[in-house]
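Printed here is final.cif (mmCIF, C-alpha atoms):
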```cif
data_final
#
loop_
_atom_site.label_atom_id
_atom_site.label_comp_id
_atom_site.auth_asym_id
_atom_site.auth_seq_id
_atom_site.Cartn_x
_atom_site.Cartn_y
_atom_site.Cartn_z
CA MET A 146 97.86 118.75 95.88
CA LYS A 147 100.03 115.82 96.80
CA PHE A 148 99.14 112.63 98.60
CA SER A 149 99.92 112.22 102.29
CA PRO A 150 103.68 112.18 103.06
CA LEU A 151 104.05 108.40 103.42
CA VAL A 152 102.08 107.62 100.26
CA ASP A 153 104.01 110.29 98.37
CA GLU A 154 107.32 108.91 99.62
CA LEU A 155 106.28 105.43 98.48
CA ILE A 156 105.35 106.67 94.99
CA GLN A 157 108.61 108.61 94.64
CA SER A 158 110.64 105.62 95.85
CA LEU A 159 108.97 103.21 93.43
CA LYS A 160 110.29 105.32 90.53
CA VAL A 161 113.76 103.92 91.27
CA LEU A 162 112.65 100.68 89.58
CA PRO A 163 113.63 100.44 85.90
CA GLY A 164 110.75 101.14 83.52
CA VAL A 165 108.55 102.65 86.24
CA GLY A 166 107.45 106.25 85.67
CA PRO A 167 105.17 108.50 87.76
CA LYS A 168 101.90 106.90 86.58
CA SER A 169 103.06 103.30 87.04
CA ALA A 170 104.52 104.15 90.44
CA GLN A 171 101.17 105.60 91.50
CA ARG A 172 99.30 102.55 90.22
CA MET A 173 101.72 100.21 92.03
CA ALA A 174 101.44 102.15 95.30
CA PHE A 175 97.64 102.10 95.24
CA GLN A 176 97.50 98.44 94.26
CA LEU A 177 99.77 97.54 97.18
CA LEU A 178 97.87 99.74 99.65
CA GLU A 179 94.47 98.45 98.54
CA ARG A 180 95.03 94.75 97.99
CA GLN A 181 98.58 93.63 98.77
CA ARG A 182 99.59 94.98 102.17
CA SER A 183 101.27 91.75 103.27
CA GLY A 184 103.00 91.34 99.89
CA GLY A 185 104.20 94.94 100.07
CA LEU A 186 105.54 94.43 103.57
CA LYS A 187 107.33 91.26 102.43
CA LEU A 188 108.81 93.16 99.48
CA GLY A 189 110.00 95.91 101.84
CA LYS A 190 111.78 93.42 104.07
CA ALA A 191 113.26 91.51 101.10
CA LEU A 192 114.59 94.78 99.66
CA GLU A 193 116.22 95.83 102.90
CA ALA A 194 117.80 92.42 103.42
CA ALA A 195 119.07 92.15 99.84
CA MET A 196 120.37 95.72 99.56
CA THR A 197 122.24 95.37 102.85
CA ASP A 198 123.58 91.82 102.73
CA VAL A 199 124.02 90.79 99.09
CA GLY A 200 127.57 91.23 97.85
CA HIS A 201 129.66 89.65 95.13
CA CYS A 202 131.08 86.11 95.04
CA GLN A 203 134.82 86.33 95.69
CA SER A 204 135.74 84.08 92.80
CA CYS A 205 133.10 84.70 90.09
CA ARG A 206 131.66 88.12 91.03
CA THR A 207 128.00 87.09 90.76
CA PHE A 208 125.51 88.30 93.39
CA THR A 209 125.46 86.30 96.60
CA GLU A 210 125.24 86.90 100.34
CA GLU A 211 127.86 84.18 100.96
CA GLN A 212 131.58 84.60 100.34
CA ARG A 213 131.40 82.21 97.40
CA CYS A 214 128.30 81.41 95.35
CA SER A 215 126.78 77.91 95.19
CA ILE A 216 128.44 77.14 91.82
CA CYS A 217 131.93 78.26 92.87
CA ALA A 218 131.56 76.40 96.18
CA ASN A 219 130.78 73.13 94.35
CA PRO A 220 134.08 71.24 93.76
CA ARG A 221 132.53 69.19 90.92
CA ARG A 222 132.15 72.32 88.80
CA ALA A 223 135.91 72.91 88.95
CA GLU A 224 136.83 69.40 87.72
CA ALA A 225 136.71 70.12 83.98
CA GLY A 226 138.83 73.26 84.34
CA GLN A 227 136.37 75.23 82.19
CA LEU A 228 135.59 78.88 82.90
CA CYS A 229 132.76 80.65 81.08
CA VAL A 230 132.83 84.46 80.96
CA VAL A 231 129.39 86.13 80.89
CA GLU A 232 128.18 89.71 81.27
CA SER A 233 125.47 89.30 83.92
CA PRO A 234 124.05 86.91 86.55
CA ALA A 235 120.97 86.50 84.33
CA ASP A 236 123.24 85.01 81.65
CA VAL A 237 124.45 82.43 84.18
CA LEU A 238 120.84 81.44 84.80
CA ALA A 239 120.15 81.16 81.05
CA ILE A 240 123.19 78.93 80.48
CA GLU A 241 122.42 76.83 83.57
CA SER A 242 118.87 76.22 82.38
CA SER A 243 120.23 74.91 79.05
CA GLY A 244 121.74 72.13 81.20
CA HIS A 245 124.70 71.68 78.86
CA TYR A 246 127.56 73.33 80.74
CA SER A 247 129.04 71.98 83.94
CA GLY A 248 132.08 74.23 84.47
CA GLN A 249 132.52 77.46 86.40
CA TYR A 250 131.58 81.04 85.54
CA PHE A 251 133.08 84.46 85.71
CA VAL A 252 130.54 87.30 85.74
CA LEU A 253 131.81 90.63 84.40
CA MET A 254 128.79 92.63 85.62
CA GLY A 255 128.85 94.67 82.42
CA HIS A 256 131.05 95.11 79.37
CA LEU A 257 133.96 97.34 78.37
CA SER A 258 132.55 100.76 77.52
CA PRO A 259 135.21 103.51 77.47
CA LEU A 260 132.60 106.20 76.73
CA ASP A 261 130.80 105.36 79.99
CA GLY A 262 134.11 105.15 81.82
CA ILE A 263 133.90 101.36 82.28
CA GLY A 264 137.40 99.94 81.96
CA PRO A 265 139.01 96.52 82.61
CA ASP A 266 139.27 97.06 86.38
CA ASP A 267 135.54 97.80 86.70
CA LEU A 268 134.83 94.37 85.18
CA GLY A 269 137.20 92.64 87.61
CA LEU A 270 139.55 91.62 84.81
CA ASP A 271 142.43 91.83 87.31
CA VAL A 272 140.67 89.16 89.40
CA LEU A 273 140.09 87.11 86.22
CA ASP A 274 143.76 87.43 85.25
CA GLU A 275 144.81 86.05 88.64
CA ARG A 276 142.44 83.10 88.25
CA LEU A 277 143.80 82.37 84.78
CA ALA A 278 147.38 82.56 86.12
CA SER A 279 146.55 80.13 88.98
CA GLY A 280 146.71 77.17 86.56
CA ASP A 281 143.31 75.67 87.55
CA ILE A 282 141.69 76.80 84.32
CA LYS A 283 142.29 74.88 81.09
CA GLU A 284 139.69 76.38 78.77
CA LEU A 285 138.17 79.84 78.73
CA ILE A 286 134.75 80.09 77.02
CA LEU A 287 133.69 83.61 76.03
CA ALA A 288 129.89 84.00 76.27
CA THR A 289 129.56 87.80 76.28
CA ASN A 290 126.61 89.24 74.37
CA PRO A 291 126.85 89.39 70.55
CA THR A 292 126.86 93.19 70.58
CA VAL A 293 129.65 95.59 69.62
CA GLU A 294 130.64 96.10 73.28
CA GLY A 295 130.31 92.40 74.06
CA GLU A 296 132.56 91.48 71.11
CA ALA A 297 135.14 94.08 72.10
CA THR A 298 135.14 92.74 75.65
CA ALA A 299 135.52 89.17 74.34
CA HIS A 300 138.49 90.21 72.19
CA TYR A 301 140.17 91.94 75.12
CA ILE A 302 139.75 88.90 77.39
CA ALA A 303 140.83 86.52 74.61
CA ASP A 304 144.13 88.44 74.24
CA MET A 305 144.59 88.29 78.03
CA ALA A 306 144.03 84.52 78.12
CA LYS A 307 146.23 83.84 75.10
CA ALA A 308 149.09 85.59 76.87
CA GLN A 309 148.67 82.86 79.53
CA ARG A 310 148.69 80.18 76.76
CA LEU A 311 145.15 78.97 77.54
CA THR A 312 142.61 77.47 75.12
CA VAL A 313 140.11 80.23 74.38
CA SER A 314 136.78 79.70 72.62
CA ARG A 315 133.82 81.90 71.72
CA ILE A 316 130.25 80.54 71.74
CA ALA A 317 128.88 79.99 68.20
CA HIS A 318 126.83 82.67 66.48
CA GLY A 319 124.30 81.59 63.89
CA VAL A 320 120.66 80.95 63.10
CA PRO A 321 118.70 80.26 66.33
CA VAL A 322 116.84 76.95 66.52
CA GLY A 323 113.12 77.28 65.74
CA GLY A 324 113.65 80.44 63.70
CA GLU A 325 113.04 80.86 59.97
CA LEU A 326 115.95 81.72 57.66
CA GLU A 327 113.78 84.32 55.91
CA TYR A 328 113.64 86.49 59.03
CA VAL A 329 117.24 86.17 60.18
CA ASP A 330 119.36 89.32 59.72
CA GLY A 331 122.26 89.43 57.27
CA THR A 332 125.09 89.58 59.82
CA THR A 333 123.80 86.52 61.66
CA LEU A 334 123.41 84.63 58.37
CA ALA A 335 126.95 85.61 57.31
CA LEU A 336 128.26 84.36 60.69
CA SER A 337 126.30 81.11 60.38
CA PHE A 338 127.92 80.54 56.95
CA SER A 339 131.46 81.35 58.05
CA GLY A 340 130.99 79.14 61.13
CA ARG A 341 129.55 76.15 59.21
CA GLN A 342 130.56 72.69 60.35
CA GLN A 343 131.06 69.53 58.31
CA VAL A 344 128.40 66.83 58.86
CA MET B 276 119.93 76.54 89.46
CA LYS B 277 118.47 79.41 91.39
CA PHE B 278 120.08 82.59 92.62
CA SER B 279 121.24 82.92 96.22
CA PRO B 280 118.36 82.87 98.78
CA LEU B 281 118.21 86.64 99.38
CA VAL B 282 118.32 87.51 95.66
CA ASP B 283 115.71 84.85 94.94
CA GLU B 284 113.46 86.15 97.71
CA LEU B 285 113.79 89.68 96.28
CA ILE B 286 112.86 88.52 92.77
CA GLN B 287 109.85 86.56 94.06
CA SER B 288 108.69 89.50 96.19
CA LEU B 289 108.95 92.00 93.31
CA LYS B 290 106.34 89.94 91.42
CA VAL B 291 103.72 91.30 93.83
CA LEU B 292 103.84 94.59 91.88
CA PRO B 293 101.16 94.93 89.18
CA GLY B 294 102.46 94.29 85.66
CA VAL B 295 105.72 92.74 86.88
CA GLY B 296 106.37 89.15 85.77
CA PRO B 297 109.38 86.87 86.38
CA LYS B 298 111.63 88.52 83.76
CA SER B 299 110.87 92.11 84.83
CA ALA B 300 111.30 91.16 88.48
CA GLN B 301 114.73 89.72 87.69
CA ARG B 302 115.72 92.82 85.72
CA MET B 303 114.52 95.10 88.54
CA ALA B 304 116.38 93.10 91.20
CA PHE B 305 119.66 93.20 89.25
CA GLN B 306 119.29 96.89 88.42
CA LEU B 307 118.78 97.69 92.12
CA LEU B 308 121.66 95.46 93.25
CA GLU B 309 124.02 96.81 90.62
CA ARG B 310 123.29 100.51 90.52
CA GLN B 311 120.63 101.59 92.99
CA ARG B 312 121.45 100.14 96.40
CA SER B 313 120.53 103.31 98.28
CA GLY B 314 117.36 103.78 96.21
CA GLY B 315 116.41 100.17 96.88
CA LEU B 316 116.98 100.57 100.58
CA LYS B 317 114.89 103.74 100.57
CA LEU B 318 112.13 101.91 98.72
CA GLY B 319 112.25 99.10 101.28
CA LYS B 320 111.84 101.53 104.16
CA ALA B 321 109.10 103.49 102.35
CA LEU B 322 107.19 100.27 101.69
CA GLU B 323 107.38 99.12 105.29
CA ALA B 324 106.31 102.53 106.62
CA ALA B 325 103.43 102.90 104.16
CA MET B 326 102.13 99.32 104.48
CA THR B 327 102.14 99.59 108.27
CA ASP B 328 100.96 103.12 108.91
CA VAL B 329 98.79 104.28 106.00
CA GLY B 330 95.08 103.92 106.67
CA HIS B 331 91.95 105.64 105.40
CA CYS B 332 90.79 109.19 106.07
CA GLN B 333 87.86 109.05 108.52
CA SER B 334 85.72 111.42 106.51
CA CYS B 335 86.62 110.81 102.83
CA ARG B 336 88.23 107.33 102.89
CA THR B 337 91.30 108.30 100.84
CA PHE B 338 94.72 106.96 101.85
CA THR B 339 96.40 108.87 104.66
CA GLU B 340 98.43 108.14 107.78
CA GLU B 341 96.55 110.89 109.66
CA GLN B 342 93.01 110.56 110.99
CA ARG B 343 91.78 113.03 108.38
CA CYS B 344 93.50 113.83 105.07
CA SER B 345 94.84 117.31 104.25
CA ILE B 346 91.78 118.23 102.16
CA CYS B 347 89.23 117.15 104.78
CA ALA B 348 91.24 118.90 107.51
CA ASN B 349 91.15 122.20 105.58
CA PRO B 350 88.07 124.21 106.75
CA ARG B 351 88.09 126.30 103.54
CA ARG B 352 87.26 123.25 101.44
CA ALA B 353 84.03 122.75 103.44
CA GLU B 354 82.76 126.33 102.87
CA ALA B 355 80.99 125.72 99.55
CA GLY B 356 79.22 122.61 100.85
CA GLN B 357 80.24 120.65 97.75
CA LEU B 358 81.13 116.96 97.92
CA CYS B 359 82.62 115.20 94.91
CA VAL B 360 82.35 111.39 94.78
CA VAL B 361 85.23 109.63 92.97
CA GLU B 362 86.35 106.03 92.65
CA SER B 363 90.03 106.27 93.60
CA PRO B 364 92.65 108.55 95.22
CA ALA B 365 94.23 108.97 91.76
CA ASP B 366 90.98 110.59 90.58
CA VAL B 367 91.28 113.11 93.44
CA LEU B 368 94.75 114.00 92.19
CA ALA B 369 93.51 114.38 88.60
CA ILE B 370 90.68 116.70 89.66
CA GLU B 371 92.94 118.69 92.00
CA SER B 372 95.46 119.25 89.23
CA SER B 373 92.69 120.70 87.02
CA GLY B 374 92.54 123.46 89.68
CA HIS B 375 88.84 124.05 89.13
CA TYR B 376 87.22 122.41 92.14
CA SER B 377 87.57 123.64 95.69
CA GLY B 378 85.11 121.47 97.62
CA GLN B 379 85.58 118.20 99.45
CA TYR B 380 85.83 114.63 98.19
CA PHE B 381 84.49 111.23 99.02
CA VAL B 382 86.60 108.34 97.73
CA LEU B 383 84.71 105.07 97.14
CA MET B 384 87.87 102.98 96.68
CA GLY B 385 86.16 101.04 93.89
CA HIS B 386 82.72 100.76 92.34
CA LEU B 387 79.60 98.64 92.88
CA SER B 388 80.26 95.23 91.38
CA PRO B 389 77.84 92.55 92.61
CA LEU B 390 79.63 89.81 90.65
CA ASP B 391 82.85 90.52 92.60
CA GLY B 392 80.89 90.75 95.83
CA ILE B 393 81.43 94.51 96.17
CA GLY B 394 78.29 96.02 97.65
CA PRO B 395 77.35 99.46 99.08
CA ASP B 396 78.96 98.78 102.47
CA ASP B 397 82.35 97.94 100.89
CA LEU B 398 82.35 101.40 99.28
CA GLY B 399 81.56 103.10 102.58
CA LEU B 400 78.16 104.30 101.34
CA ASP B 401 76.87 104.05 104.92
CA VAL B 402 79.54 106.63 105.92
CA LEU B 403 78.55 108.77 102.91
CA ASP B 404 74.87 108.57 103.88
CA GLU B 405 75.70 109.84 107.37
CA ARG B 406 77.67 112.76 105.91
CA LEU B 407 74.80 113.64 103.57
CA ALA B 408 72.37 113.50 106.51
CA SER B 409 74.58 115.81 108.61
CA GLY B 410 73.35 118.85 106.64
CA ASP B 411 76.82 120.23 105.84
CA ILE B 412 76.62 119.15 102.20
CA LYS B 413 74.57 121.19 99.74
CA GLU B 414 75.62 119.70 96.41
CA LEU B 415 76.79 116.21 95.55
CA ILE B 416 78.90 115.92 92.38
CA LEU B 417 79.19 112.43 90.93
CA ALA B 418 82.59 111.93 89.25
CA THR B 419 82.75 108.15 89.03
CA ASN B 420 84.30 106.70 85.88
CA PRO B 421 82.19 106.69 82.69
CA THR B 422 82.06 102.88 82.66
CA VAL B 423 79.06 100.57 83.18
CA GLU B 424 80.00 99.97 86.83
CA GLY B 425 80.81 103.64 87.39
CA GLU B 426 77.44 104.72 85.96
CA ALA B 427 75.60 102.14 88.07
CA THR B 428 77.40 103.38 91.18
CA ALA B 429 76.56 106.99 90.28
CA HIS B 430 72.88 106.10 89.89
CA TYR B 431 72.80 104.31 93.22
CA ILE B 432 74.40 107.26 95.03
CA ALA B 433 72.17 109.76 93.21
CA ASP B 434 69.06 107.95 94.49
CA MET B 435 70.53 107.98 98.00
CA ALA B 436 71.22 111.72 97.87
CA LYS B 437 67.85 112.57 96.34
CA ALA B 438 66.18 110.82 99.30
CA GLN B 439 67.96 113.47 101.42
CA ARG B 440 66.69 116.22 99.06
CA LEU B 441 70.19 117.32 98.00
CA THR B 442 71.25 118.82 94.67
CA VAL B 443 72.94 116.02 92.74
CA SER B 444 74.97 116.54 89.55
CA ARG B 445 77.01 114.28 87.27
CA ILE B 446 80.18 115.57 85.54
CA ALA B 447 79.64 116.19 81.81
CA HIS B 448 80.46 113.54 79.24
CA GLY B 449 81.43 114.63 75.76
CA VAL B 450 84.20 115.19 73.27
CA PRO B 451 87.53 115.72 75.10
CA VAL B 452 89.36 118.97 74.38
CA GLY B 453 92.16 118.55 71.86
CA GLY B 454 90.58 115.47 70.30
CA GLU B 455 89.23 115.15 66.78
CA LEU B 456 85.56 114.42 66.20
CA GLU B 457 86.47 111.84 63.57
CA TYR B 458 88.06 109.58 66.16
CA VAL B 459 85.53 109.96 68.97
CA ASP B 460 83.31 106.89 69.59
CA GLY B 461 79.57 106.94 68.90
CA THR B 462 78.39 106.79 72.51
CA THR B 463 80.55 109.76 73.52
CA LEU B 464 79.33 111.75 70.49
CA ALA B 465 75.70 110.90 71.33
CA LEU B 466 76.28 112.07 74.92
CA SER B 467 77.96 115.27 73.73
CA PHE B 468 74.88 116.01 71.57
CA SER B 469 72.32 115.27 74.26
CA GLY B 470 74.33 117.36 76.72
CA ARG B 471 74.77 120.35 74.35
CA GLN B 472 74.61 123.80 75.92
CA GLN B 473 73.28 127.03 74.44
CA VAL B 474 75.96 129.65 73.61
#
```

Whole structure given in structure tokens:
Amino acid sequence: MKFSPLVDELIQSLKVLPGVGPKSAQRMAFQLLERQRSGGLKLGKALEAAMTDVGHCQSCRTFTEEQRCSICANPRRAEAGQLCVVESPADVLAIESSGHYSGQYFVLMGHLSPLDGIGPDDLGLDVLDERLASGDIKELILATNPTVEGEATAHYIADMAKAQRLTVSRIAHGVPVGGELEYVDGTTLALSFSGRQQV
Amino acid sequence: MKFSPLVDELIQSLKVLPGVGPKSAQRMAFQLLERQRSGGLKLGKALEAAMTDVGHCQSCRTFTEEQRCSICANPRRAEAGQLCVVESPADVLAIESSGHYSGQYFVLMGHLSPLDGIGPDDLGLDVLDERLASGDIKELILATNPTVEGEATAHYIADMAKAQRLTVSRIAHGVPVGGELEYVDGTTLALSFSGRQQV
């Protein structure tokens, strides 16, 4: 036995969400039907609007329904000539909430991964190369994730930027604030030693 | 900094789903925008259709967009005169997939819970009483959850059905198949002893 067609369709469709299997999808569907009809309707409309209208910012590739996102459209952010390369829009949010960076971003929407068939063009590195060649950028800050793929991507972009004779920097790796040395892994500790700064 | 209005609206709306907080909502939104546009659009349409059109079956109260659900509409299921009372549509699915029951259902959509203001009328017990009085039902099987509220609800309905001089039974509680006695709790073991059957 299955549920009625509409309920069944809803349960099947909910499984498209990451981390949602058959049981969770069922629980979500029933929760919405029982207690959250208006919220569910709002979610439906928000999904349709976002899936249809949200595209990528022409200059930084983050998600936006405008041609350029709010950061790229702000002339103040371009003053310092800094461009920070990150892997995802969520990274932009994390850096913005640190309140310490006031330059522009370039969002790769992933990292180089030859095994998955993700090459430089899929990350918009051609667009990035054009921006670097335009002469508006003075410093390129690489803030890709500290993973094997993230490091490889950072190296690739660093070579690209050096060919344009730009200043290239990589964000510091080391012991996170509030952590205890005892629980920090060996690679991070080694990096925090090799990256030590005189006080 | 926030995301663009449509993306932000999507993230906020996703938080209506049970078990989804701000971080999960963000991850879901980005996953849909990056890789599952068509799935997201389908989900949006499924949500709107279900939230608008799905109501309750007139005779068993389960979710359906028809007047009567597929089980209630099937005359064969009424032949035995059995009516099984469960708490939720998911319980109907669980019992159906056991393949052992071929009667009809009555879905309470919850359990008696005076502290939350859920009384007999909220569970449609007036509708159930009418069905019991109609004379089509010969046996009432109580399959509410083995929790305090579920047991209380079962007792209440049992009294109601006995007033109509119907056969009332409660599904057996005991050691689940495939489990090990060692790990079964005391109450379940006590119930499995008191409910022992001669072989």

Next item on the list: For chain A, report every residue with an atom at most 8 Å from chain B (counting all atoms listed in the file), formatted as an MDAnalysis selection string.
Entry: chainID A and resid 146:149 151:152 154:155 158:159 161:163 171:173 176:178 181:197 199 208:210 214:215 235 238 241:242

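You will find atom CA of Asp330 of chain A at 28.4 Å from atom CA of Val252 of chain A.
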
Notebook entry, point to check: Can you list, as a ChimeraX atom specification, every protein, DNA or RNA residue that comes within 12 Å of segment 261-269 of chain A when you count only C-alpha atoms, leaving out same-chain residues fewer than 2 positions away?
Noted result: /A:201-207,230-233,251-259,271-276,294,297-299,301-302,305

Next item on the list: Pull out every residue that the PyMOL selection byres ((chain A and resi 223-229) around 10) matches in the shown coordinates and put them as a PyMOL selection string.
Entry: chain A and resi 205+216-222+230-231+237+240+246-252+273+276-277+280-289+312-316

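Interatomic distance, atom CA of Thr332 of chain A to atom CA of Thr292 of chain A: 11.5 Å.
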
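Nearest to Leu466 of chain B of all the residues B:Ala433, B:His375, B:Gln342, B:Ala447 is B:Ala447, based on all atoms listed in the file.
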